[in-house]
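> Structure supplied as input.tsv; contents: TSV, C-alpha atoms.
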chain	number	residue	atom	x	y	z
A	1	MET	CA	-17.27	16.35	5.69
A	2	MET	CA	-14.56	15.76	8.31
A	3	THR	CA	-12.16	18.66	8.70
A	4	HIS	CA	-9.90	20.69	10.97
A	5	PRO	CA	-9.86	24.49	11.40
A	6	VAL	CA	-6.60	24.75	9.42
A	7	ARG	CA	-8.44	23.29	6.41
A	8	ARG	CA	-11.82	24.96	6.93
A	9	GLU	CA	-11.72	26.98	3.71
A	10	GLN	CA	-10.61	24.01	1.59
A	11	ALA	CA	-13.25	21.77	3.18
A	12	ALA	CA	-16.06	24.30	2.79
A	13	ALA	CA	-15.35	24.75	-0.91
A	14	LEU	CA	-15.24	20.99	-1.53
A	15	SER	CA	-18.37	20.37	0.52
A	16	ALA	CA	-20.27	23.01	-1.42
A	17	ARG	CA	-19.08	21.68	-4.78
A	18	LEU	CA	-20.16	18.14	-3.92
A	19	GLY	CA	-23.44	19.16	-2.27
A	20	LEU	CA	-22.58	17.60	1.09
A	21	GLY	CA	-24.52	18.43	4.21
A	22	GLY	CA	-21.89	20.47	6.05
A	23	LEU	CA	-18.64	20.35	7.99
A	24	ALA	CA	-17.79	18.14	10.95
A	25	MET	CA	-15.08	20.12	12.74
A	26	ASP	CA	-12.46	18.64	15.07
A	27	PRO	CA	-13.88	19.40	18.53
A	28	ASP	CA	-10.40	19.70	20.07
A	29	PRO	CA	-8.13	21.12	17.35
A	30	GLU	CA	-5.36	21.95	19.83
A	31	GLY	CA	-5.32	18.44	21.24
A	32	ALA	CA	-3.30	15.43	20.11
A	33	PRO	CA	-4.15	14.49	16.50
A	34	SER	CA	-7.13	12.13	16.29
A	35	ALA	CA	-9.09	11.33	13.17
A	36	LEU	CA	-11.52	9.31	15.28
A	37	ARG	CA	-12.43	12.36	17.38
A	38	THR	CA	-13.57	14.20	14.28
A	39	ALA	CA	-15.11	11.09	12.74
A	40	LEU	CA	-17.45	10.73	15.72
A	41	VAL	CA	-18.71	14.26	15.08
A	42	ALA	CA	-19.25	13.42	11.41
A	43	TRP	CA	-21.08	10.15	12.08
A	44	SER	CA	-23.26	11.88	14.68
A	45	ALA	CA	-24.54	14.31	12.04
A	46	ALA	CA	-26.76	11.73	10.33
A	47	SER	CA	-30.28	12.92	9.62
A	48	ALA	CA	-33.04	11.09	11.49
A	49	GLU	CA	-34.83	10.50	8.17
A	50	ALA	CA	-31.79	9.22	6.27
A	51	SER	CA	-31.40	5.57	5.31
A	52	HIS	CA	-27.63	5.98	4.84
A	53	HIS	CA	-24.87	8.38	5.88
A	54	LEU	CA	-21.83	9.36	3.81
A	55	VAL	CA	-18.67	10.72	5.42
A	56	VAL	CA	-15.93	12.30	3.28
A	57	GLN	CA	-12.60	13.66	4.48
A	58	ASP	CA	-11.33	17.07	3.47
A	59	ASP	CA	-8.11	16.13	1.62
A	60	VAL	CA	-9.69	14.49	-1.42
A	61	ALA	CA	-10.64	15.22	-5.01
A	62	ALA	CA	-13.99	13.91	-6.21
A	63	PRO	CA	-16.29	14.41	-9.19
A	64	ARG	CA	-19.41	16.57	-8.94
A	65	GLU	CA	-21.40	13.39	-9.59
A	66	LEU	CA	-20.17	11.78	-6.35
A	67	LEU	CA	-23.50	11.87	-4.51
A	68	ASP	CA	-25.29	10.44	-7.52
A	69	LEU	CA	-22.75	7.63	-7.80
A	70	VAL	CA	-23.08	6.91	-4.08
A	71	ALA	CA	-26.88	6.90	-4.30
A	72	GLY	CA	-26.80	4.42	-7.18
A	73	SER	CA	-24.39	2.19	-5.27
A	74	VAL	CA	-26.54	2.34	-2.14
A	75	ALA	CA	-29.61	1.33	-4.15
A	76	ARG	CA	-27.70	-1.71	-5.38
A	77	PHE	CA	-26.13	-2.65	-2.02
A	78	PRO	CA	-28.41	-1.19	0.69
A	79	ASP	CA	-27.01	-3.30	3.53
A	80	GLU	CA	-23.30	-2.82	2.85
A	81	ALA	CA	-20.56	-0.50	4.07
A	82	LEU	CA	-19.44	1.06	0.78
A	83	ILE	CA	-15.91	2.45	0.39
A	84	PHE	CA	-15.15	4.73	-2.56
A	85	TYR	CA	-11.39	5.24	-2.09
A	86	THR	CA	-8.75	2.59	-1.47
A	87	ASN	CA	-5.11	3.42	-0.73
A	88	TRP	CA	-2.77	2.03	-3.36
A	89	HIS	CA	-0.48	0.37	-0.78
A	90	ALA	CA	-0.81	-2.78	1.34
A	91	ARG	CA	-3.52	-5.42	1.24
A	92	ASN	CA	-6.71	-3.53	0.37
A	93	GLY	CA	-4.93	-1.66	-2.41
A	94	SER	CA	-3.80	-4.94	-3.93
A	95	ALA	CA	-7.29	-6.41	-3.51
A	96	ALA	CA	-8.74	-3.52	-5.52
A	97	ARG	CA	-5.99	-3.79	-8.14
A	98	LEU	CA	-6.46	-7.54	-8.50
A	99	ALA	CA	-10.22	-7.08	-8.86
A	100	ALA	CA	-9.69	-4.40	-11.50
A	101	LEU	CA	-7.42	-6.69	-13.50
A	102	ALA	CA	-10.07	-9.41	-13.23
A	103	GLY	CA	-12.74	-6.99	-14.49
A	104	ALA	CA	-14.80	-6.70	-11.28
A	105	GLY	CA	-16.67	-3.58	-10.18
A	106	TRP	CA	-16.47	-4.26	-6.42
A	107	VAL	CA	-14.33	-6.37	-4.11
A	108	ARG	CA	-14.78	-7.43	-0.50
A	109	ALA	CA	-12.24	-5.65	1.70
A	110	VAL	CA	-9.51	-7.50	3.56
A	111	PRO	CA	-11.06	-7.70	7.04
A	112	GLU	CA	-7.89	-7.59	9.13
A	113	GLU	CA	-6.61	-4.36	7.57
A	114	PHE	CA	-7.80	-0.80	8.23
A	115	ALA	CA	-10.95	0.17	6.34
A	116	PRO	CA	-10.19	3.23	4.16
A	117	THR	CA	-12.41	6.07	5.42
A	118	LEU	CA	-11.70	8.98	3.07
A	119	ALA	CA	-15.14	8.40	1.51
A	120	ILE	CA	-17.35	5.77	3.13
A	121	CYS	CA	-21.10	5.28	3.29
A	122	LEU	CA	-22.90	3.23	5.96
A	123	PRO	CA	-26.54	2.29	6.46
A	124	ALA	CA	-27.95	4.62	9.14
A	125	GLU	CA	-28.35	1.85	11.72
A	126	ARG	CA	-24.79	0.71	11.17
A	127	ALA	CA	-23.55	4.31	11.46
A	128	ALA	CA	-25.26	4.53	14.85
A	129	GLY	CA	-23.68	1.22	15.80
A	130	PHE	CA	-20.25	2.53	14.85
A	131	ARG	CA	-20.74	5.60	17.06
A	132	ARG	CA	-21.62	3.41	20.03
A	133	PHE	CA	-18.72	1.06	19.30
A	134	ALA	CA	-16.15	3.85	18.91
A	135	GLN	CA	-17.19	6.43	21.47
A	136	ASP	CA	-14.95	5.11	24.27
A	137	SER	CA	-12.05	3.99	22.09
A	138	THR	CA	-8.55	5.28	22.86
A	139	GLU	CA	-7.47	4.63	19.23
A	140	ARG	CA	-6.94	7.79	17.18
A	141	HIS	CA	-7.18	6.22	13.72
A	142	ASP	CA	-10.82	6.04	12.63
A	143	ASP	CA	-9.97	3.60	9.81
A	144	GLU	CA	-8.61	1.04	12.29
A	145	VAL	CA	-11.70	1.39	14.51
A	146	MET	CA	-14.00	1.13	11.48
A	147	ALA	CA	-12.36	-2.15	10.46
A	148	ALA	CA	-12.67	-3.49	14.00
A	149	PHE	CA	-16.34	-2.50	14.08
A	150	LEU	CA	-17.07	-4.18	10.74
A	151	ARG	CA	-15.41	-7.35	12.03
A	152	THR	CA	-17.90	-7.37	14.93
A	153	VAL	CA	-20.82	-7.31	12.50
A	154	GLY	CA	-19.17	-10.08	10.50
A	155	ARG	CA	-18.92	-8.31	7.16
A	156	ALA	CA	-16.01	-6.22	5.86
A	157	GLY	CA	-16.88	-3.31	3.58
A	158	LEU	CA	-17.18	-3.42	-0.19
A	159	LEU	CA	-14.40	-1.55	-1.97
A	160	ALA	CA	-15.44	0.27	-5.13
A	161	VAL	CA	-12.86	-0.99	-7.61
A	162	PRO	CA	-13.07	2.15	-9.76
A	163	ASN	CA	-11.95	4.72	-7.18
A	164	VAL	CA	-13.97	7.87	-7.88
A	165	VAL	CA	-12.35	9.63	-4.90
A	166	GLU	CA	-8.64	10.51	-4.89
A	167	HIS	CA	-6.41	11.57	-2.03
A	168	ILE	CA	-4.58	14.86	-2.62
A	169	GLY	CA	-1.35	16.13	-1.13
A	170	THR	CA	1.07	14.48	1.28
A	171	SER	CA	0.49	16.59	4.41
A	172	SER	CA	-1.34	14.81	7.22
A	173	ILE	CA	-2.89	16.22	10.36
A	174	ASN	CA	-3.09	12.66	11.70
A	175	GLY	CA	0.59	11.88	11.21
A	176	HIS	CA	0.70	9.93	7.93
A	177	ALA	CA	3.00	12.28	6.01
A	178	ALA	CA	5.96	9.91	6.46
A	179	GLN	CA	4.15	7.41	4.23
A	180	GLY	CA	4.63	9.74	1.26
A	181	VAL	CA	2.16	9.88	-1.62
A	182	ARG	CA	-1.04	8.02	-0.78
A	183	LEU	CA	-3.01	7.76	-4.01
A	184	ALA	CA	-5.98	5.66	-5.07
A	185	ALA	CA	-5.39	2.11	-6.24
A	186	CYS	CA	-7.54	2.47	-9.36
A	187	PRO	CA	-8.52	6.08	-10.16
A	188	VAL	CA	-11.33	6.26	-12.75
A	189	GLY	CA	-13.50	9.13	-13.95
A	190	ALA	CA	-17.21	9.25	-13.13
A	191	ALA	CA	-18.41	8.32	-16.63
A	192	ASP	CA	-16.33	5.14	-16.79
A	193	ALA	CA	-16.98	4.27	-13.15
A	194	ARG	CA	-20.77	4.47	-13.31
A	195	PRO	CA	-21.48	1.25	-15.27
A	196	LEU	CA	-18.99	-0.68	-13.16
A	197	LEU	CA	-20.47	0.57	-9.88
A	198	CYS	CA	-24.02	-0.06	-11.08
A	199	HIS	CA	-23.56	-3.37	-12.88
A	200	GLY	CA	-20.02	-4.69	-12.32
A	201	TRP	CA	-19.67	-8.06	-10.67
A	202	VAL	CA	-18.48	-8.45	-7.08
A	203	LEU	CA	-15.32	-10.34	-6.21
A	204	GLU	CA	-16.12	-11.87	-2.83
A	205	GLU	CA	-13.39	-14.51	-2.57
A	206	LEU	CA	-9.80	-13.32	-2.72
A	207	ASP	CA	-7.95	-16.59	-2.07
A	208	TRP	CA	-4.25	-15.77	-1.53
A	209	LEU	CA	-3.38	-12.16	-2.24
A	210	PRO	CA	-0.02	-10.74	-3.40
A	211	TYR	CA	0.84	-7.25	-2.11
A	212	MET	CA	3.83	-4.93	-1.82
A	213	ARG	CA	4.99	-3.33	1.41
A	214	TYR	CA	8.01	-1.04	1.75
A	215	GLY	CA	9.47	-2.33	-1.49
A	216	GLU	CA	9.09	-6.03	-0.72
A	217	GLY	CA	6.59	-8.63	-1.90
A	218	TYR	CA	4.23	-10.46	0.47
A	219	LEU	CA	1.38	-12.94	0.23
A	220	ARG	CA	-1.77	-12.83	2.34
A	221	PRO	CA	-2.83	-16.46	2.91
A	222	ALA	CA	-6.31	-17.70	2.15
A	223	GLY	CA	-8.90	-18.56	4.79
A	224	PRO	CA	-8.92	-17.93	8.55
A	225	GLU	CA	-5.13	-18.04	8.79
A	226	ALA	CA	-5.00	-14.38	7.70
A	227	LEU	CA	-7.13	-13.32	10.68
A	228	ALA	CA	-5.15	-15.35	13.21
A	229	ASP	CA	-2.45	-12.66	13.39
A	230	PRO	CA	-3.56	-9.53	11.49
A	231	ARG	CA	-0.23	-7.78	12.08
A	232	ARG	CA	1.82	-10.55	10.53
A	233	HIS	CA	3.13	-10.03	7.00
A	234	THR	CA	4.35	-13.18	5.26
A	235	ARG	CA	7.04	-12.84	2.60
A	236	TRP	CA	6.08	-14.40	-0.70
A	237	GLN	CA	8.84	-17.02	-0.56
A	238	GLU	CA	7.55	-18.29	2.79
A	239	ALA	CA	3.90	-18.37	1.71
A	240	LEU	CA	4.47	-19.78	-1.76
A	241	PRO	CA	4.21	-23.53	-0.96
A	242	ALA	CA	0.49	-23.14	-0.14
A	243	THR	CA	-0.15	-21.74	-3.63
A	244	GLY	CA	1.04	-24.77	-5.57
A	245	LEU	CA	3.89	-22.75	-7.09
A	246	THR	CA	7.61	-23.02	-6.43
A	247	GLU	CA	10.09	-20.20	-6.07
A	248	GLY	CA	12.09	-21.62	-8.96
A	249	GLN	CA	9.05	-21.52	-11.25
A	250	VAL	CA	8.21	-17.96	-10.28
A	251	ARG	CA	11.73	-16.62	-10.71
A	252	GLU	CA	12.19	-18.35	-14.06
A	253	ILE	CA	8.89	-17.05	-15.47
A	254	ALA	CA	9.66	-13.54	-14.22
A	255	ARG	CA	13.13	-13.71	-15.79
A	256	ARG	CA	11.82	-14.85	-19.16
A	257	HIS	CA	8.87	-12.52	-19.50
A	258	ARG	CA	9.72	-9.15	-17.95
A	259	PRO	CA	10.58	-6.51	-20.56
A	260	ALA	CA	14.29	-5.74	-20.46
A	261	ASP	CA	13.98	-1.98	-21.05
A	262	ALA	CA	11.40	-1.42	-18.32
A	263	GLU	CA	13.22	-3.72	-15.92
A	264	GLY	CA	16.46	-1.86	-16.48
A	265	GLU	CA	14.81	1.51	-15.84
A	266	VAL	CA	13.27	0.29	-12.58
A	267	ARG	CA	16.65	-1.06	-11.50
A	268	ARG	CA	18.31	2.26	-12.31
A	269	LEU	CA	15.74	4.27	-10.35
A	270	PHE	CA	15.03	2.00	-7.39
A	271	GLY	CA	17.69	-0.70	-7.27
A	272	ALA	CA	17.96	-4.34	-8.29
A	273	SER	CA	16.18	-5.75	-5.24
A	274	PHE	CA	13.09	-3.62	-5.74
A	275	ALA	CA	13.01	-4.45	-9.45
A	276	ASP	CA	13.03	-8.17	-8.70
A	277	GLU	CA	10.34	-7.87	-6.02
A	278	LEU	CA	8.12	-5.72	-8.26
A	279	TRP	CA	8.21	-8.07	-11.25
A	280	ILE	CA	7.50	-11.10	-9.10
A	281	HIS	CA	4.63	-9.25	-7.42
A	282	CYS	CA	3.19	-8.36	-10.84
A	283	LEU	CA	3.48	-11.95	-11.99
A	284	LEU	CA	1.65	-13.29	-8.91
A	285	LEU	CA	-0.99	-10.56	-9.11
A	286	GLY	CA	-1.67	-11.34	-12.77
A	287	ARG	CA	-1.89	-15.05	-12.02
A	288	GLN	CA	-4.48	-14.44	-9.31
A	289	ALA	CA	-6.47	-11.98	-11.41
A	290	GLU	CA	-6.73	-14.52	-14.20
A	291	ASP	CA	-7.83	-17.17	-11.73
A	292	ALA	CA	-10.43	-14.86	-10.14
A	293	ALA	CA	-11.87	-13.94	-13.53
A	294	ARG	CA	-12.05	-17.58	-14.60
A	295	ARG	CA	-13.79	-18.71	-11.40
A	296	HIS	CA	-16.04	-15.77	-10.54
A	297	ALA	CA	-16.63	-13.42	-13.48
A	298	PRO	CA	-19.91	-13.73	-15.37
A	299	ARG	CA	-19.72	-14.23	-19.10
A	300	PRO	CA	-19.16	-10.85	-20.83
A	301	ARG	CA	-22.26	-9.08	-22.11
A	302	GLY	CA	-20.73	-5.78	-23.26
A	303	GLY	CA	-19.11	-2.96	-21.30
A	304	ARG	CA	-15.64	-4.04	-22.28
A	305	ALA	CA	-14.37	-0.51	-22.81
A	306	GLY	CA	-15.00	0.36	-19.17
A	307	GLY	CA	-13.31	-2.84	-18.03
A	308	ALA	CA	-10.31	-2.10	-20.24
A	309	ARG	CA	-9.96	1.37	-18.74
A	310	LEU	CA	-10.26	-0.13	-15.27
A	311	ARG	CA	-7.45	-2.58	-15.98
A	312	ALA	CA	-5.30	0.21	-17.42
A	313	ALA	CA	-5.85	2.33	-14.30
A	314	ALA	CA	-4.92	-0.62	-12.07
A	315	LEU	CA	-1.75	-1.34	-14.04
A	316	SER	CA	-0.68	2.30	-13.80
A	317	THR	CA	-0.54	2.03	-9.99
A	318	VAL	CA	1.13	-1.36	-9.58
A	319	GLY	CA	4.47	0.28	-8.82
Is it possible to express this structure as structure tokens?


Amino acid sequence: MMTHPVRREQAAALSARLGLGGLAMDPDPEGAPSALRTALVAWSAASAEASHHLVVQDDVAAPRELLDLVAGSVARFPDEALIFYTNWHARNGSAARLAALAGAGWVRAVPEEFAPTLAICLPAERAAGFRRFAQDSTERHDDEVMAAFLRTVGRAGLLAVPNVVEHIGTSSINGHAAQGVRLAACPVGAADARPLLCHGWVLEELDWLPYMRYGEGYLRPAGPEALADPRRHTRWQEALPATGLTEGQVREIARRHRPADAEGEVRRLFGASFADELWIHCLLLGRQAEDAARRHAPRPRGGRAGGARLRAAALSTVG
């Protein structure tokens, strides 16, 4: 478990409750904040006999069954980087939410965005590769370096769509407090998550992806165009022609179908512009979820209750 001396007590209690191997302490706690500095300590703690290595950060909540859920996921996907928490904002959060609405258990991460590292498991050889890749980096954000490393091996991580790990609090040793609340995209309890992690289908192809950023709607384009300039964010109006939809169609459907009471409350709390952007984002997200389910989901063979809870959890975090 990654931690800092100011959180030692909190980290020790969580590590003991989850049955983790121990604490990876920031080796220079008085220095400039650096999650990567502590992450390198954590990834260096892998046992020589282990096939995989799990790293968890100290500011999370997780069920007692976490190690069992991770072990089951590793048995199913032994060669993958497995990510058990996804921030509810930006592209990966929307990828997880879209997959949840489509009924998937896992989704391939967006490769150009940071790889969430609050709870991530790597095969032992890949963990060693990450240490070698990152040891001379001047970047302080381990999630950015992890994403860059996974791009070099040609395979972004798999995001667990039911997030069994939740971020807690808004304080940040690494300087993220200004981002406010940073919760999971699709928080689900261990009992409901287990069948989805063990048997849920994997959404590998995202096509174009709607996401929200600072109160505005964007679209991530499909194909290699998204990787051409990872820092570029394309507003939905600009990206819409490639989807086969028109702005007039989208605005008219949003106008006709959004519930007046809810729309009015969002306008009152957050303003008219945000209300418009949110409803259009929801419309585009639902359209893509339906398309993903139609093209990629296997025919249902039970387990609908878990899928329904997954969709409910995703909908609760759309805003």

> Between atom CA of A:Ala95 and atom CA of A:Ala289, what distance in Å does the model show, to one decimal?

9.7 Å

> Rounded to one decimal, what separation in Å do you get between atom CA of A:Cys198 and atom CA of A:Ala11?

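Atom-to-atom, atom CA of A:Cys198 and atom CA of A:Ala11 are spaced 28.2 Å apart.
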
> Find the residues near A:Ala147: any atom within 9 Å, counting all atoms listed in the file, skip ones fewer than 2 places away on the same chain, and give them as a ChimeraX atom specification.

/A:111-116,142-145,149-152,156-157

> What's around A:Ala75 at 12 Å? Count all atoms listed in the file, leave out sequence neighbours fewer than 2 positions away in its own chain, and write the answer as a ChimeraX atom specification.

/A:51-52,68-73,77-80,82,121,123,197-199

> Which value, in Å to one decimal, gives the distance between atom CA of A:Val165 and atom CA of A:Ile83?

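Between atom CA of A:Val165 and atom CA of A:Ile83 the gap works out to 9.6 Å.
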
> Just checking: using all atoms listed in the file, which residue out of A:Ala12, A:Leu209, A:Val74, A:Ala61 ends up closest to A:Ile168?

A:Ala61

> List the spatial neighbours of stretch 291-293 of chain A as a ChimeraX atom specification - criterion: any atom at most 9 Å away, only C-alpha atoms, same-chain residues fewer than 3 positions off excluded.

/A:98-99,101-104,203,205-207,286-288,296-298

> Which protein, DNA or RNA residues have an atom at most 7 Å from (-16.2, 16.8, 9.7), counting only C-alpha atoms? List them as a list of chain:residue names.

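Residues with an atom at most 7 Å from (-16.2, 16.8, 9.7): A:Met1, A:Met2, A:Thr3, A:Leu23, A:Ala24, A:Met25, A:Asp26, A:Thr38, A:Ala39, A:Val41, A:Ala42.
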
> Could you check which of A:Ala228, A:Met212, A:Ala35, A:Leu40 is closest to A:Gly129, using all atoms listed in the file?

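Distance minimum relative to A:Gly129 lands on A:Leu40.
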
> Measuring between all atoms listed in the file, which one of A:Ser273, A:Thr138, A:Ser44, A:Thr246 shows the shortest distance to A:Glu216?

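Once distances to A:Glu216 are computed over all atoms listed in the file, the minimum belongs to A:Ser273.
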
> In terms of the shortest atom-to-atom distance over only C-alpha atoms, which of A:Ala48, A:Ala32, A:Leu159, A:Ala275 is closest to A:Ser94?

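Result for the nearest residue to A:Ser94: A:Leu159.
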
> Which residue, A:Ala254, A:Ala262, A:Ala90, A:Ala185, has the smallest gap to A:Asp276 when you use all atoms listed in the file?

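Residue with the minimum atom-to-atom distance to A:Asp276: A:Ala254.
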
> Rank A:Gly19, A:Trp236, A:Ala190, A:Arg140 by their smallest atom-to-atom distance to A:Pro33, using only C-alpha atoms, and report the top residue only.

A:Arg140
